[in-house]
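Chemist: Quick one: the structure is below, and I'll ask about it shortly.
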Amino acid sequence: MSVAKNISQSESNTCLAMGNHAIARAIVESGTRVITSYPGSPTPEIGAALTSVPKAERSFYFEFSVNEKVALEIAAGASLNGHLSCVFFKSVGLNVASDSLIQQSLMNHIGGLVIVLGDDPGANSSQNEQDNRHFSRMSYIPMLEPASPKEAYELYLEAARISREKQMPVFLRLTTNVCHARQLVSFGGLIRDNYSWPSRYHRDNGPYFPVTKDVFPLKNNALKKLETLQSTANRLVRQYSADTRTGLGVISCGLPALETLEVSEAAGNKVSVLQLQMTWPLPKEAVLAFLSAHNEVVVIEELDRVMETEIKAMAFDAGCTVCIYSRPSSEIMGELSRHRILKILSSIWPDHFSASRKKTYETFTELPPRPPQLCPGCGHRSAFFAASDILDDTSIVVGDIGCLTLGALPPHHMGDILFSMGHSVSTAQGLALKNPSRNVLALMGDGTFFHAGIPGVINAVANQSNITLYLLDNATTAMTGHQSRPGNGEIGEKINIPALLKSLGVGFIRQADAYNQTLLKQYLQEAFEYDGFAVVIARHPCMLKLTRANRRKDPLFQLPPVTFSAPPDDVDEKRILAFGCPSFQRGPNGEMTVNEEMCIGCGACLPVSLSGVIQRGAPVRASGKER
Amino acid sequence: MKKNKGEKMNTGHSGKTINVVIAGVGGQGSITSGQIAARAAMLHGTEVAMSEVHGMAQRGGSVMSTVRYGSNQSPVIPMGEADFLLGFESLEALRYSPYLRSSGVAIVSDQRIIPTIEALKKATYPTNIFAELKIQTKSAIFLPALEIAAEIGNPRLIGSVLLGAFSAFMDFSASIWKQAITDIVPHATIERNLQAFRAGYEFTIDADVLSAEKPVTVNDSVFITA
């Protein structure tokens with residue numbers, strides 16, 4: 001059954017749902033009307049699931065907005081107008097949204113607002129590893145944390161209920177492993193209604209305009225609302241008792257709670273486990289009861305010692321004599337696997353847990369890595385190759401977020417510094433201050449340019465920064481799965497980037513197809529010589545997206561792979577290696593070959609060979625081969 | 001755990017969890033096979049949890065996913081606790097082989113997808129994968145999955161070939177597997193996937209593959225010499 005059907009069918013059904021799909025179903029079932037997002041791992045499948053429902057069948061409005069702050073504001077605005085709303089994004093997305101996020105607990109959300117966060121312990125696909133639970137404390141927004149797809153579904157419904165009832169925003173914090181886990185989940189039925197989209201905004205529901213002394217009654221309200229959540233928090237706990245009376249207990253939340261249970265069961269079930277589903281505010285009664293029923297307790301939580309610190313304070317205030325152990329500081333990074341939990345428990349309770357391994361693993365020789373890479377045909381590769389001829393050892397290249405982040409890997413080495421989405425121009429401006437002897441190049445993709453890059457450009461122009469922005473335009477949000485976005489023509493009109501730059505006052509704008517090495521090199525050279533802020537745009541459509549679109553139309557679509565007319569000489573071989581297309585491989589005798597399965601026949605590599613030994617293949621179609 | 005056609009893994013009713021790690025290269029279809037394996041459990045009435053990709057797998061990177069039968073809890077499988085390893089590519093099978101228990105079974109396609117020249121600067125593609133796998137587990141099967149798939153008509157069928165081999169160890173009925181495949185793969189490819197599944201099953205059933213000290217050659221067809 002298709003995801004769309006699981007998400008939109010009226011009847012209750014059970015399916016093997018991914019955490020993200022379970023959230024999508026809960027969004028529909030709860031009657032959430034407005035959903036916004038900016039795509040980012042690990043949550044984009046929520047958007048994919050929602051958009052898989054045909055527009056005519058949708059009981060909701062959904063959009064991928066231009067960035068996370070905009071997305072949050074749209075959802076919040078819709079909630080103030082009475083519609084139950086939801087915004088979801090990746091962990092670092094909350095940083096972008098935080099300016100408006102902090103205000104939300106001051107607002108009387110008559111519609112309801114659920115903020116779904118995809119945190120990323122282990123930094124599987126993020127530029128950092130941040131514990132967004134701190135944001136719940138800072139913004140006075142309660143937080144629920146599911147451990148599995150089933151709980152994600154249940155707790156979204158719970159979050160929507162709380163948000164509507166208390167008219168306050170609620171966080172639902174997922175982690176990568178919960179988003180991407182699949183499990184049998186039983187969905188409830190949908191009530192089909194003809195929602196009439198009533199506009200219920202009224203200033204009497206507010207005030208919604210906190211300035212100076214008006215802030216305090218609103219803040220007071222936010223704090224009071226949090227206090228009313230104790231009974232809910234105490235209900236949202238799961239307690240698993242030990243088989244034997246050891247007096248040992250673990251307090252945990254999210255997936256680590258389930259992992260702890262498995263570790264405990266494997267060791268003879270000697271510790272009780274208290275799993276908290278509401279992790280802010282913490283359920284005082286349930287935690288204190290657990291603490292007083294045990295002699296020794298460990299708090300197992302992924303990343304920072306957030307709950308641990310608060311639980312210790314709670315124990316202190318209540319005069320509990322329980323001993324609460326800390327995880328070693330080596331254990332506050334990364335995902336907490338069962339092995340790591342076992343290691344923690346065995347270091348604290350060696351009589352009950354043994355971390356000895358039955359098996360050693362380092363039996364084989366070192367293996368070649370297989371990192372993610374730019375696809376064959378990617379325009380970014382061609383753009384990097386052209387730039388590498390112009391840059392010298394003193395040049396500074398500021399990277400950014402997107403597929404072009406992969407440019408930092410060998411052989412490209414394009415990107416020395418990485419902060420956040422859209423940072424590159426301003427960071428480059430800082431690096432270039434009073435630094436005339438070094439060329440500073442800022443890299444940015446088109447998606448990131450619209451997301452957060454434009455203010456940096458305005459600033460660089462205004463302050464006559466002598467840097468070059470190398471804008472790699474593939475006309476899509478490629479890294480997260482080609483979601484549509486404003487500006488690329490899929491939502492609304494296409495925004496003409498050179499015209500936009502011109503209107504911002506940029507004095508040097510050149511644009512070339514990324515495959516055109518000669519033009520790109522010439523433009524980059526001119527840009528470096530230009531006195532002032534310069535932009536060189538290297539355009540080429542995302543070839544992964546284009547190839548997929550072509551194969552949807554014709555499953556046999558395949559351009560003939562390139563061939564070598566003669567073995568490349570040393571110079572050419574060096575250049576082919578620096579170009580780094582994965583289609584080039586070595587044959588059994590070390591000779592350079594083309595992997596025909598991988599080559600898409602784009603011809604981006606033709607100008608790489610100076611002697612012209614790379615040639616377009618003969619236009620013969622593979623017969624009878626399906627793709 | 002030495003298994004042959006007579007002994008099958010009991011899924012779910014014995015209370016034991018069966019852990020399956022699936023390793024491959026992004027784009028090979030290993031996630032889809034994981035979904036079929038999980039779907040089969042669902043149809044069989046067995047609890048199942050699975051996890052999908054970590055990281056940026058779309059771009060030809062190394063991909064690992066997990067299926068846990070008899071568990072409705074965490075989908076995560078720690079090192080040394082997998083009962084089965086389905087390897088879509090030889091090097092990736094070796095990379096994830098530390099997940100196997102010493103009693104586990106490795107079911108591996110002999111296909112080699114050579115990493116980029118850049119990656120090969122760090123280490124060469126190993127030449128003795130079968131022997132290395134045999135250090136991790138006594139039971140390793142090397143299948144000419146790509147060759148079988150290509151013969152049936154599409155290299156992308158290797159997932160079903162591997163699932164067919166895997167099915168020889170599981171107590172799900174043929175009709176359950178058939179239904180699971182039918183439910184998950186694109187409609188136009190159902191028949192070929194079923195054919196590929198059958199070929200993988202027969203390969204495993206016919207050959208005394210588990211006790212072999214070397215990769216087995218079946219009907220003198222071209223086969224891996226690792």
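Convention: chains lettered A, B, ... in structure tokens order; per-chain residue numbering from 1; ligands numbered from 1 as shown.
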Need the shell around Gln525 in chain A: protein/DNA/RNA residues with any atom at most 12 Å away, counting only C-alpha atoms. Skip same-chain ones fewer than 2 positions apart. Format as an mmCIF file with C-alpha atoms, in the first residue's frame?

Modeler:
data_model
loop_
_atom_site.group_PDB
_atom_site.id
_atom_site.type_symbol
_atom_site.label_atom_id
_atom_site.label_comp_id
_atom_site.auth_asym_id
_atom_site.auth_seq_id
_atom_site.Cartn_x
_atom_site.Cartn_y
_atom_site.Cartn_z
ATOM 1 C CA ALA A 386 37.390 25.403 -12.727
ATOM 2 C CA ALA A 387 38.005 27.204 -9.418
ATOM 3 C CA SER A 388 40.901 24.938 -8.458
ATOM 4 C CA ASP A 389 42.819 26.281 -11.463
ATOM 5 C CA ILE A 390 42.339 29.877 -10.334
ATOM 6 C CA LEU A 391 42.857 29.532 -6.557
ATOM 7 C CA ASP A 392 46.349 29.504 -5.100
ATOM 8 C CA ASN A 439 41.698 35.920 -2.331
ATOM 9 C CA LEU A 441 35.961 32.909 -2.144
ATOM 10 C CA THR A 468 33.815 36.786 -4.539
ATOM 11 C CA TYR A 470 30.706 31.606 -6.206
ATOM 12 C CA ARG A 510 28.815 36.810 -14.442
ATOM 13 C CA THR A 518 36.884 28.284 -20.057
ATOM 14 C CA LEU A 519 34.210 30.851 -19.230
ATOM 15 C CA LEU A 520 34.108 30.017 -15.535
ATOM 16 C CA LYS A 521 37.873 30.374 -15.180
ATOM 17 C CA GLN A 522 37.819 33.655 -17.046
ATOM 18 C CA TYR A 523 34.981 34.995 -14.887
ATOM 19 C CA ALA A 527 36.112 38.563 -10.216
ATOM 20 C CA PHE A 528 39.319 38.288 -8.190
ATOM 21 C CA GLU A 529 40.746 41.279 -10.062
ATOM 22 C CA TYR A 530 37.535 43.272 -9.612
ATOM 23 C CA ALA A 534 31.707 40.083 -7.173
ATOM 24 C CA VAL A 535 29.425 37.168 -7.974
ATOM 25 C CA VAL A 536 30.132 34.324 -10.383
#

Chemist: Identify, with DSSP run on backbone atoms, the residues in range 418-554 of chain A assigned to alpha helix (DSSP H), and express the list as a PyMOL selection string.

Modeler: chain A and resi 424-432+446-448+454-462+497-503+517-529+543-553

Chemist: What are the residues of chain A that have an atom within 8 Å of an atom of chain B, counting only C-alpha atoms, as an mmCIF file with N, CA and C atoms, in the first residue's frame?

Modeler:
data_model
loop_
_atom_site.group_PDB
_atom_site.id
_atom_site.type_symbol
_atom_site.label_atom_id
_atom_site.label_comp_id
_atom_site.auth_asym_id
_atom_site.auth_seq_id
_atom_site.Cartn_x
_atom_site.Cartn_y
_atom_site.Cartn_z
ATOM 1 N N MET A 1 0.847 -1.188 0.000
ATOM 2 C CA MET A 1 0.000 0.000 0.000
ATOM 3 C C MET A 1 0.886 1.242 0.000
ATOM 4 N N LEU A 16 3.300 -0.897 8.567
ATOM 5 C CA LEU A 16 4.692 -0.852 8.976
ATOM 6 C C LEU A 16 5.178 0.566 8.690
ATOM 7 N N ASN A 124 24.577 12.521 12.252
ATOM 8 C CA ASN A 124 24.531 11.686 11.054
ATOM 9 C C ASN A 124 24.460 12.512 9.781
ATOM 10 N N SER A 125 23.821 13.664 9.865
ATOM 11 C CA SER A 125 23.677 14.483 8.666
ATOM 12 C C SER A 125 23.617 15.967 9.020
ATOM 13 N N SER A 148 9.745 5.542 19.679
ATOM 14 C CA SER A 148 9.503 4.631 18.555
ATOM 15 C C SER A 148 8.466 5.264 17.638
ATOM 16 N N THR A 176 17.084 10.907 15.031
ATOM 17 C CA THR A 176 17.266 10.232 13.740
ATOM 18 C C THR A 176 16.752 8.795 13.757
ATOM 19 N N ASN A 177 17.105 8.058 14.808
ATOM 20 C CA ASN A 177 16.709 6.648 14.866
ATOM 21 C C ASN A 177 15.209 6.451 15.025
ATOM 22 N N HIS A 180 13.589 7.348 11.425
ATOM 23 C CA HIS A 180 13.847 6.377 10.364
ATOM 24 C C HIS A 180 13.573 4.940 10.761
ATOM 25 N N ALA A 181 13.091 4.722 11.984
ATOM 26 C CA ALA A 181 12.708 3.368 12.379
ATOM 27 C C ALA A 181 11.370 3.039 11.734
ATOM 28 N N ARG A 182 11.144 1.743 11.474
ATOM 29 C CA ARG A 182 9.816 1.295 11.048
ATOM 30 C C ARG A 182 9.287 0.288 12.047
ATOM 31 N N GLN A 183 8.003 0.340 12.241
ATOM 32 C CA GLN A 183 7.381 -0.516 13.233
ATOM 33 C C GLN A 183 5.905 -0.635 12.868
ATOM 34 N N LEU A 184 5.252 -1.698 13.339
ATOM 35 C CA LEU A 184 3.814 -1.806 13.104
ATOM 36 C C LEU A 184 3.106 -0.768 13.969
ATOM 37 N N LEU A 255 14.474 6.789 22.601
ATOM 38 C CA LEU A 255 15.004 5.476 22.244
ATOM 39 C C LEU A 255 15.967 4.901 23.298
ATOM 40 N N LEU A 258 14.325 2.443 25.604
ATOM 41 C CA LEU A 258 14.098 1.088 25.087
ATOM 42 C C LEU A 258 15.400 0.304 25.055
ATOM 43 N N GLU A 259 16.484 0.990 24.695
ATOM 44 C CA GLU A 259 17.791 0.334 24.652
ATOM 45 C C GLU A 259 18.209 -0.106 26.052
ATOM 46 N N SER A 337 24.150 3.742 22.006
ATOM 47 C CA SER A 337 23.838 2.379 21.597
ATOM 48 C C SER A 337 23.737 1.493 22.826
ATOM 49 N N ARG A 338 23.240 0.276 22.617
ATOM 50 C CA ARG A 338 23.149 -0.656 23.750
ATOM 51 C C ARG A 338 24.535 -0.952 24.328
ATOM 52 N N HIS A 339 25.539 -1.042 23.444
ATOM 53 C CA HIS A 339 26.887 -1.295 23.946
ATOM 54 C C HIS A 339 27.338 -0.177 24.881
ATOM 55 N N LYS A 359 33.613 -11.205 21.641
ATOM 56 C CA LYS A 359 34.186 -11.292 20.302
ATOM 57 C C LYS A 359 35.015 -10.050 20.036
ATOM 58 N N TYR A 361 36.657 -7.593 17.011
ATOM 59 C CA TYR A 361 36.175 -7.278 15.670
ATOM 60 C C TYR A 361 37.268 -6.882 14.698
ATOM 61 N N THR A 363 39.486 -7.983 12.937
ATOM 62 C CA THR A 363 40.153 -9.132 12.348
ATOM 63 C C THR A 363 40.611 -8.878 10.925
ATOM 64 N N PHE A 364 40.032 -7.859 10.294
ATOM 65 C CA PHE A 364 40.421 -7.689 8.903
ATOM 66 C C PHE A 364 41.223 -6.410 8.692
ATOM 67 N N GLU A 366 42.487 -2.903 6.800
ATOM 68 C CA GLU A 366 41.754 -1.662 6.589
ATOM 69 C C GLU A 366 40.978 -1.699 5.263
ATOM 70 N N LEU A 367 39.748 -1.217 5.317
ATOM 71 C CA LEU A 367 38.901 -1.250 4.128
ATOM 72 C C LEU A 367 38.822 0.136 3.514
ATOM 73 N N PRO A 368 38.699 0.195 2.188
ATOM 74 C CA PRO A 368 38.529 1.507 1.569
ATOM 75 C C PRO A 368 37.190 2.110 2.001
ATOM 76 N N PRO A 369 37.161 3.401 2.313
ATOM 77 C CA PRO A 369 35.894 4.014 2.721
ATOM 78 C C PRO A 369 34.971 4.182 1.519
ATOM 79 N N ARG A 370 33.710 4.437 1.793
ATOM 80 C CA ARG A 370 32.770 4.711 0.703
ATOM 81 C C ARG A 370 31.891 5.883 1.146
ATOM 82 N N PRO A 371 32.475 7.076 1.135
ATOM 83 C CA PRO A 371 31.710 8.231 1.614
ATOM 84 C C PRO A 371 30.689 8.670 0.571
ATOM 85 N N PRO A 372 29.656 9.415 0.995
ATOM 86 C CA PRO A 372 28.754 9.986 0.000
ATOM 87 C C PRO A 372 29.540 10.931 -0.894
ATOM 88 N N GLN A 373 29.106 11.105 -2.116
ATOM 89 C CA GLN A 373 29.884 11.917 -3.047
ATOM 90 C C GLN A 373 28.960 12.667 -3.995
ATOM 91 N N LEU A 374 29.519 13.660 -4.667
ATOM 92 C CA LEU A 374 28.774 14.353 -5.704
ATOM 93 C C LEU A 374 28.456 13.351 -6.813
ATOM 94 N N CYS A 375 27.235 13.404 -7.325
ATOM 95 C CA CYS A 375 26.808 12.442 -8.335
ATOM 96 C C CYS A 375 27.568 12.660 -9.651
ATOM 97 N N PRO A 410 38.200 15.277 -0.358
ATOM 98 C CA PRO A 410 39.104 15.102 -1.483
ATOM 99 C C PRO A 410 38.349 14.487 -2.669
ATOM 100 N N PRO A 411 38.712 14.734 -3.903
ATOM 101 C CA PRO A 411 39.896 15.489 -4.281
ATOM 102 C C PRO A 411 39.646 16.999 -4.403
ATOM 103 N N LEU A 577 41.874 12.688 -12.092
ATOM 104 C CA LEU A 577 41.801 12.381 -10.657
ATOM 105 C C LEU A 577 41.331 13.595 -9.864
ATOM 106 N N GLY A 580 37.600 14.038 -10.240
ATOM 107 C CA GLY A 580 36.975 13.192 -9.223
ATOM 108 C C GLY A 580 35.599 12.664 -9.553
ATOM 109 N N PRO A 582 33.084 9.830 -10.016
ATOM 110 C CA PRO A 582 33.160 8.422 -9.598
ATOM 111 C C PRO A 582 33.066 7.439 -10.762
ATOM 112 N N SER A 583 32.684 7.934 -11.949
ATOM 113 C CA SER A 583 32.610 7.021 -13.097
ATOM 114 C C SER A 583 33.991 6.561 -13.560
ATOM 115 N N PHE A 584 35.012 7.328 -13.225
ATOM 116 C CA PHE A 584 36.369 6.914 -13.596
ATOM 117 C C PHE A 584 36.921 5.965 -12.555
ATOM 118 N N GLN A 585 37.316 4.786 -13.014
ATOM 119 C CA GLN A 585 37.859 3.787 -12.101
ATOM 120 C C GLN A 585 39.123 3.193 -12.698
ATOM 121 N N ARG A 586 39.775 2.385 -11.882
ATOM 122 C CA ARG A 586 40.976 1.730 -12.387
ATOM 123 C C ARG A 586 40.660 0.293 -12.752
ATOM 124 N N GLY A 624 17.056 -3.885 -24.305
ATOM 125 C CA GLY A 624 16.298 -4.732 -23.383
ATOM 126 C C GLY A 624 16.668 -4.572 -21.931
ATOM 127 N N LYS A 625 17.420 -3.542 -21.602
ATOM 128 C CA LYS A 625 17.844 -3.393 -20.219
ATOM 129 C C LYS A 625 16.944 -2.383 -19.517
ATOM 130 N N GLU A 626 16.344 -2.834 -18.456
ATOM 131 C CA GLU A 626 15.485 -1.921 -17.704
ATOM 132 C C GLU A 626 16.307 -1.129 -16.728
ATOM 133 N N ARG A 627 15.820 0.036 -16.425
ATOM 134 C CA ARG A 627 16.491 0.810 -15.379
ATOM 135 C C ARG A 627 15.591 0.869 -14.167
#

Chemist: Check the smallest atom-to-atom distance from each of A:Val457, A:Gly377, A:Ile102, A:Val250 to Leu546 in chain A using only C-alpha atoms, then report the winner.

Modeler: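 Comparing A:Val457, A:Gly377, A:Ile102, A:Val250 against Leu546 in chain A, the winner is A:Gly377.
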
Chemist: Restricting the calculation to only C-alpha atoms: of A:Val562, A:Met278, A:Ala315, A:Ala48, which residue gets closest to Phe290 in chain A?

Modeler: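 Selected residue with least distance to Phe290 in chain A: A:Ala315.
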
Chemist: Pick out the closest residue to Phe62 in chain A from this set: A:Val170, A:Ile509, A:Ala75, A:Ala4. Count only C-alpha atoms.

Modeler: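 That would be A:Ala75, the residue with the smallest distance to Phe62 in chain A.
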
Chemist: Restricting the calculation to only C-alpha atoms, which member of A:Pro283, A:Gln103, A:Asp243, A:Lys5 is positioned closest to Val211 in chain A?

Modeler: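 Between A:Pro283, A:Gln103, A:Asp243, A:Lys5, the residue approaching Val211 in chain A most closely is A:Gln103.
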